[in-house]
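Enquirer: Got a structure here, written out as structure tokens. Questions coming.
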Amino acid sequence: MPQPATEPSADRREFYDRLGRHHLSPLWLSLATLVPRQPASGCRPAIWRYPELRSLLLEAGGLVSVEEAERRVLVLENPAFGGQSRITTSLYAGLQLVLPGERARGHRHTQSALRFVLEGTGAYTAVDGERATMHPGDFIITPSWQWHDHGNDTDDPVVWLDGLDIPLVQALDAGFAEPMHAVEQAVTRPAGDSLARFGANLLPVDHRPRGLASPVFSYPYDRTREALETLGRNGEPDPCHGHKMRFVNPVTGGFAMPTIGTFMQLLPRGFETKPYRSTDATVFTPVEGEGRTHVGAAVLEWRARDVFVVPSWATVRHQAASDAVLFSFSDRPVQQATGLFREERLP
Ligand code: 1HN
């Protein structure tokens with residue numbers, strides 16, 4: 001591909017300036033950047049440590065009420081994307097705090113959201129008339145355009161990681177949002193209803209899908225952990241992934257949400273994964289254990305509830321110092337649906 005000239009001549013510079021006044025630009029100066037030989041993400045590897053995050057979040061709790069904030073969240077911004085509210089090029093992440101007795105009022109938006117519970121047992125998020133009770137390690141979804149509100153009637157703070165497809169929806173200019181008139185939605189179904197209906201290897205006999213997201217709103221950690229534990233006993237881990245599973249929409253076998261893919265993997269103590277890269281930049285949060293992850297030349301040392309990010313096409317190697325369980329999410333469903341996804345196991 002042609003390389004842009006380093007210093008344009010005076011006549012060219014004059015021509016380019018004139019083009020600019022016509023809202024035109026010469027492709028030959030930007031072609032290599034626009035169409036890179038391989039992903040050249042500005043996104044950087046980064047880690048946020050939970051003790052620090054927690055302390056800042058509790059400080060926010062003392063300074064800003066949930067009524068004022070609507071959502072009391074500290075946004076995790078990729079160091080390369082300051083002020084842009086994105087942890088990767090296409091995804092948003094934040095840590096949300098709901099204090100005892102608080103209600104985060106209802107609203108809906110076309111952005112899809114996931115909640116991954118880091119701390120606190122017994123708070124809830126309400127979706128489609130049902131309250132999903134939260135426990136650490138639970139993965140809960142808020143599909144596009146579904147009303148949702150959160151509440152904490154326990155005596156302890158609850159903290160979770162939010163993952164949304166905000167930058168993706170922004171890129172498409174397809175964002176709508178609407179506040180709910182009441183603070184909380186009416187509860188029309190008992191807790192656990194959707195899990196019994198859709199999450200027990202059974203579906204209602206005449207079920208017709210209503211949307212693209214999973215009708216299971218909550219994927220409780222005890223079930224996920226038990227599956228991983230059994231897999232860990234029964235066979236060898238994958239060299240690049242350990243024992244890695246994908247959360248599914250039981251109706252389609254696809255991802256739980258159309259824009260965000262979610263995964264959980266068990267890395268046995270002492271296990272080191274072989275180098276791997278993929279085009280879906282990925283956000284990880286360890287649920288249990290400790291270890292380190294090499295991302296290109298960077299080394300990220302992690303413990304439970306830290307959050308770290310691996311950019312697109314960066315080479316990843318995990319090392320588990322103890323039995324470790326990692327939750328992760330990425331835009332893989334979008335890349336697979338559009339034929340863009342690539343992955344590589346490196347020699
Ligand atoms: C949102 O609706 C929530 O409902 C959390 O908890 C974070 C970030 C941006 C836009 C909407 C929530 C959000 C959000």
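Letters A, B, ... mark the chains of the structure tokens in the order given; residue numbers begin at 1 per chain; ligand numbers begin at 1, in order shown.
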Skip Val283 in chain A itself and residues of its chain fewer than 2 positions away, then list as a list in words all residues within 9 Å of it, counting only C-alpha atoms.
Expert: Ile87, Thr88, Leu91, Ala93, Gly163, Ala281, Thr285, Val307, Phe308, Val309, Val310, Pro311, Phe327, Ser328, Phe329 and Ser330 of chain A
Enquirer: Could you write out that same residue set with N, CA, C and O atoms as an mmCIF file, in the first residue's frame?
Expert:
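Wrote it out as part.cif, contents follow:
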data_model
loop_
_atom_site.group_PDB
_atom_site.id
_atom_site.type_symbol
_atom_site.label_atom_id
_atom_site.label_comp_id
_atom_site.auth_asym_id
_atom_site.auth_seq_id
_atom_site.Cartn_x
_atom_site.Cartn_y
_atom_site.Cartn_z
ATOM 1 N N ILE A 87 -14.173 1.095 27.507
ATOM 2 C CA ILE A 87 -13.061 0.272 28.022
ATOM 3 C C ILE A 87 -12.358 -0.428 26.863
ATOM 4 O O ILE A 87 -11.178 -0.707 26.916
ATOM 5 N N THR A 88 -13.138 -0.698 25.794
ATOM 6 C CA THR A 88 -12.557 -1.140 24.523
ATOM 7 C C THR A 88 -13.139 -0.203 23.472
ATOM 8 O O THR A 88 -13.954 0.663 23.783
ATOM 9 N N LEU A 91 -16.978 -1.275 23.569
ATOM 10 C CA LEU A 91 -17.727 -1.602 24.792
ATOM 11 C C LEU A 91 -17.459 -0.641 25.937
ATOM 12 O O LEU A 91 -16.376 -0.058 26.052
ATOM 13 N N ALA A 93 -17.682 -0.203 30.249
ATOM 14 C CA ALA A 93 -17.736 -0.930 31.517
ATOM 15 C C ALA A 93 -17.739 0.065 32.663
ATOM 16 O O ALA A 93 -17.150 1.149 32.556
ATOM 17 N N GLY A 163 -21.602 -4.008 31.997
ATOM 18 C CA GLY A 163 -21.017 -4.020 30.653
ATOM 19 C C GLY A 163 -22.107 -3.640 29.668
ATOM 20 O O GLY A 163 -23.189 -4.232 29.701
ATOM 21 N N ALA A 281 -11.731 -7.592 21.365
ATOM 22 C CA ALA A 281 -11.156 -7.064 22.603
ATOM 23 C C ALA A 281 -12.031 -7.550 23.750
ATOM 24 O O ALA A 281 -13.260 -7.561 23.641
ATOM 25 N N THR A 285 -12.976 -10.277 34.422
ATOM 26 C CA THR A 285 -12.944 -10.081 35.866
ATOM 27 C C THR A 285 -12.836 -11.452 36.534
ATOM 28 O O THR A 285 -13.686 -12.314 36.325
ATOM 29 N N VAL A 307 -10.543 -5.884 37.458
ATOM 30 C CA VAL A 307 -11.063 -5.867 36.083
ATOM 31 C C VAL A 307 -9.885 -5.552 35.165
ATOM 32 O O VAL A 307 -9.130 -4.612 35.425
ATOM 33 N N PHE A 308 -9.709 -6.377 34.122
ATOM 34 C CA PHE A 308 -8.646 -6.048 33.161
ATOM 35 C C PHE A 308 -9.120 -6.230 31.735
ATOM 36 O O PHE A 308 -10.111 -6.906 31.477
ATOM 37 N N VAL A 309 -8.403 -5.584 30.827
ATOM 38 C CA VAL A 309 -8.860 -5.545 29.436
ATOM 39 C C VAL A 309 -7.738 -5.945 28.479
ATOM 40 O O VAL A 309 -6.585 -5.548 28.656
ATOM 41 N N VAL A 310 -8.110 -6.754 27.503
ATOM 42 C CA VAL A 310 -7.194 -7.246 26.468
ATOM 43 C C VAL A 310 -7.671 -6.689 25.122
ATOM 44 O O VAL A 310 -8.771 -6.991 24.687
ATOM 45 N N PRO A 311 -6.847 -5.863 24.459
ATOM 46 C CA PRO A 311 -7.253 -5.285 23.170
ATOM 47 C C PRO A 311 -7.357 -6.330 22.062
ATOM 48 O O PRO A 311 -6.787 -7.420 22.161
ATOM 49 N N PHE A 327 -14.513 -14.505 34.560
ATOM 50 C CA PHE A 327 -15.649 -14.093 33.733
ATOM 51 C C PHE A 327 -15.101 -13.138 32.679
ATOM 52 O O PHE A 327 -14.185 -12.356 32.965
ATOM 53 N N SER A 328 -15.675 -13.169 31.477
ATOM 54 C CA SER A 328 -15.237 -12.199 30.467
ATOM 55 C C SER A 328 -16.364 -11.866 29.511
ATOM 56 O O SER A 328 -17.343 -12.619 29.396
ATOM 57 N N PHE A 329 -16.238 -10.706 28.849
ATOM 58 C CA PHE A 329 -17.224 -10.326 27.831
ATOM 59 C C PHE A 329 -16.552 -9.554 26.697
ATOM 60 O O PHE A 329 -15.504 -8.914 26.890
ATOM 61 N N SER A 330 -17.185 -9.645 25.517
ATOM 62 C CA SER A 330 -16.636 -8.998 24.320
ATOM 63 C C SER A 330 -17.755 -8.792 23.298
ATOM 64 O O SER A 330 -18.884 -9.233 23.510
#
Enquirer: Got a sec to tell me which of range 5-230 of chain A DSSP assigns to alpha helix (DSSP H), as a PyMOL selection string?
Expert: chain A and resi 10-21+27-34+50-63+66-69+166-172+193-198+221-230
Enquirer: Show me which residues are within 7 Å of ligand 1 counting only C-alpha atoms and all ligand atoms, and format the list as a PyMOL selection string.
Expert: chain A and resi 71+73+94+107-108+148-149+162+164+166
Enquirer: Rounded to one decimal place, report the CA of Leu346 in chain A-CA of Tyr276 in chain A distance in Å.
Expert: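 These two atoms are separated by 5.7 Å.
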Enquirer: One number please: CA of Leu31 in chain A to CA of Thr6 in chain A, in Å, one decimal.
Expert: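 Separation of CA of Leu31 in chain A and CA of Thr6 in chain A: 14.4 Å.
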Enquirer: Pick from A:Pro333, A:Pro237, A:Pro268, A:Gly232: nearest to Gly254 in chain A, with only C-alpha atoms counted?
Expert: A:Pro333
Enquirer: Go through A:Pro204, A:Pro275, A:Gly270, A:Gly339 and flag the residue nearest Gln319 in chain A, using only C-alpha atoms for the distances.
Expert: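 Ranking A:Pro204, A:Pro275, A:Gly270, A:Gly339 by distance to Gln319 in chain A, first place goes to A:Gly270.
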Enquirer: So, with only C-alpha atoms as the atoms that count, which of A:Leu97, A:Leu266, A:Asp222, A:Trp313 lies closest to Leu56 in chain A?
Expert: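 The closest residue to Leu56 in chain A is A:Leu97.
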Enquirer: In Å, how far is it from CA of Ser90 in chain A to CA of Glu70 in chain A?
Expert: 23.5 Å
Enquirer: Would you mind telling me which residue in A:Arg345, A:Pro239, A:Ala46, A:Gln111 lies nearest to Val169 in chain A when using only C-alpha atoms?
Expert: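 Once distances to Val169 in chain A are computed over only C-alpha atoms, the minimum belongs to A:Gln111.
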Enquirer: Name the residues of range 6-147 of chain A that come out as strand (DSSP E or B) in a backbone DSSP run; write them as number ranges by chain.
Expert: A: 46-48, 73-75, 92-98, 103-109, 113-119, 124-127, 130-133, 139-142
Enquirer: Closest to Val159 in chain A among A:Pro250, A:Pro258, A:Gly129, A:Gly137, using only C-alpha atoms?
Expert: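 Looking at the shortest contact to Val159 in chain A, the residue is A:Gly137.
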Enquirer: Near Gly61 in chain A, counting only C-alpha atoms, which residues have an atom at most 8 Å away, once you skip same-chain residues fewer than 2 positions from it, shown as a PyMOL selection string?
Expert: chain A and resi 57-59+63-65+72+97+99
Enquirer: Can I get the selection written as a PDB file, in the first residue's frame, with C-alpha atoms?
Expert:
ATOM      1  CA  LEU A  57     -16.982   3.801  44.876  1.00  0.00           C
ATOM      2  CA  LEU A  58     -17.897   3.937  48.580  1.00  0.00           C
ATOM      3  CA  GLU A  59     -16.562   7.501  48.624  1.00  0.00           C
ATOM      4  CA  LEU A  63     -21.004  12.220  48.074  1.00  0.00           C
ATOM      5  CA  VAL A  64     -23.771  11.511  45.572  1.00  0.00           C
ATOM      6  CA  SER A  65     -27.219  10.079  46.236  1.00  0.00           C
ATOM      7  CA  ARG A  72     -24.052   5.572  40.848  1.00  0.00           C
ATOM      8  CA  LEU A  97     -22.886   0.734  43.863  1.00  0.00           C
ATOM      9  CA  LEU A  99     -26.331   1.117  49.177  1.00  0.00           C
TER      10      LEU A  99
END
Enquirer: Could you pull the residues within 9 Å of Gly120 in chain A, counting only C-alpha atoms, minus those fewer than 5 positions along the same chain, as an MDAnalysis selection string?
Expert: chainID A and resid 134:136 154 156:160
Enquirer: Which one is closest to Ala256 in chain A: A:Arg208, A:Arg225, A:Arg332, A:Arg277? Count only C-alpha atoms.
Expert: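 Counting only C-alpha atoms, the residue closest to Ala256 in chain A is A:Arg332.
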Enquirer: Taking 6 positions as the minimum chain separation for residues in the same chain, which residues sit within 9 Å of Phe247 in chain A when counting only C-alpha atoms? Answer as a ChimeraX atom specification.
Expert: /A:219,254-256,261-264
Enquirer: Can you spit out the residues from that selection as a short mmCIF file (atom, residue, chain, number, x, y, z; two decimals), in the first residue's frame, using C-alpha atoms?
Expert:
data_model
loop_
_atom_site.label_atom_id
_atom_site.label_comp_id
_atom_site.auth_asym_id
_atom_site.auth_seq_id
_atom_site.Cartn_x
_atom_site.Cartn_y
_atom_site.Cartn_z
CA TYR A 219 -27.28 -17.11 35.29
CA GLY A 254 -26.58 -18.29 20.44
CA PHE A 255 -25.11 -15.76 22.84
CA ALA A 256 -27.23 -14.48 25.74
CA GLY A 261 -20.78 -12.34 24.30
CA THR A 262 -20.06 -13.63 27.80
CA PHE A 263 -17.82 -16.44 28.99
CA MET A 264 -16.61 -18.18 32.14
#
Enquirer: I'd like the neighbourhood of Glu290 in chain A as a compact mmCIF listing (two decimals) with N, CA, C and O atoms, in the first residue's frame, where a residue qualifies if any of its atoms comes within 10 Å (using only C-alpha atoms), though same-chain residues fewer than 4 positions away should be ignored.
Expert:
# COMPACT_ATOMS: atom_id res chain seq x y z
N ARG A 269 -5.01 -24.63 39.11
CA ARG A 269 -3.80 -24.09 39.77
C ARG A 269 -2.54 -24.51 39.00
O ARG A 269 -2.39 -25.68 38.65
N PRO A 286 -11.75 -11.66 37.29
CA PRO A 286 -11.60 -12.94 37.99
C PRO A 286 -12.62 -13.03 39.13
O PRO A 286 -12.82 -12.05 39.85
N GLU A 301 -1.10 -8.45 36.84
CA GLU A 301 -1.23 -9.35 37.99
C GLU A 301 -2.61 -9.15 38.58
O GLU A 301 -2.95 -8.03 38.94
N TRP A 302 -3.40 -10.21 38.69
CA TRP A 302 -4.78 -10.02 39.12
C TRP A 302 -5.17 -10.91 40.30
O TRP A 302 -4.57 -11.95 40.55
N ARG A 303 -6.20 -10.42 40.98
CA ARG A 303 -6.87 -11.16 42.05
C ARG A 303 -8.36 -11.07 41.79
O ARG A 303 -8.80 -10.32 40.92
N ALA A 304 -9.14 -11.79 42.60
CA ALA A 304 -10.60 -11.79 42.44
C ALA A 304 -11.14 -10.35 42.45
O ALA A 304 -10.69 -9.51 43.25
N ARG A 305 -12.07 -10.08 41.55
CA ARG A 305 -12.83 -8.83 41.45
C ARG A 305 -12.05 -7.66 40.82
O ARG A 305 -12.58 -6.56 40.69
N ASP A 306 -10.78 -7.88 40.46
CA ASP A 306 -10.11 -6.87 39.63
C ASP A 306 -10.78 -6.91 38.25
O ASP A 306 -11.50 -7.85 37.93
N GLN A 319 -1.73 -17.17 33.40
CA GLN A 319 -1.07 -18.08 34.34
C GLN A 319 -1.84 -18.04 35.65
O GLN A 319 -2.00 -16.96 36.23
N ALA A 320 -2.31 -19.19 36.09
CA ALA A 320 -3.11 -19.24 37.33
C ALA A 320 -2.23 -19.71 38.48
O ALA A 320 -1.64 -20.78 38.42
N ALA A 321 -2.12 -18.87 39.53
CA ALA A 321 -1.32 -19.24 40.69
C ALA A 321 -2.11 -20.17 41.61
O ALA A 321 -1.55 -20.97 42.35
N SER A 322 -3.44 -20.01 41.59
CA SER A 322 -4.32 -20.91 42.34
C SER A 322 -5.44 -21.27 41.37
O SER A 322 -5.53 -20.69 40.29
N ASP A 323 -6.33 -22.20 41.74
CA ASP A 323 -7.50 -22.45 40.91
C ASP A 323 -8.17 -21.10 40.68
O ASP A 323 -8.42 -20.37 41.63
N ALA A 324 -8.43 -20.76 39.42
CA ALA A 324 -8.97 -19.43 39.13
C ALA A 324 -10.16 -19.55 38.19
O ALA A 324 -10.19 -20.41 37.31
N VAL A 325 -11.13 -18.68 38.40
CA VAL A 325 -12.30 -18.63 37.53
C VAL A 325 -12.39 -17.20 37.00
O VAL A 325 -12.38 -16.24 37.77
N LEU A 326 -12.44 -17.07 35.67
CA LEU A 326 -12.50 -15.75 35.03
C LEU A 326 -13.80 -15.59 34.26
O LEU A 326 -14.13 -16.42 33.41
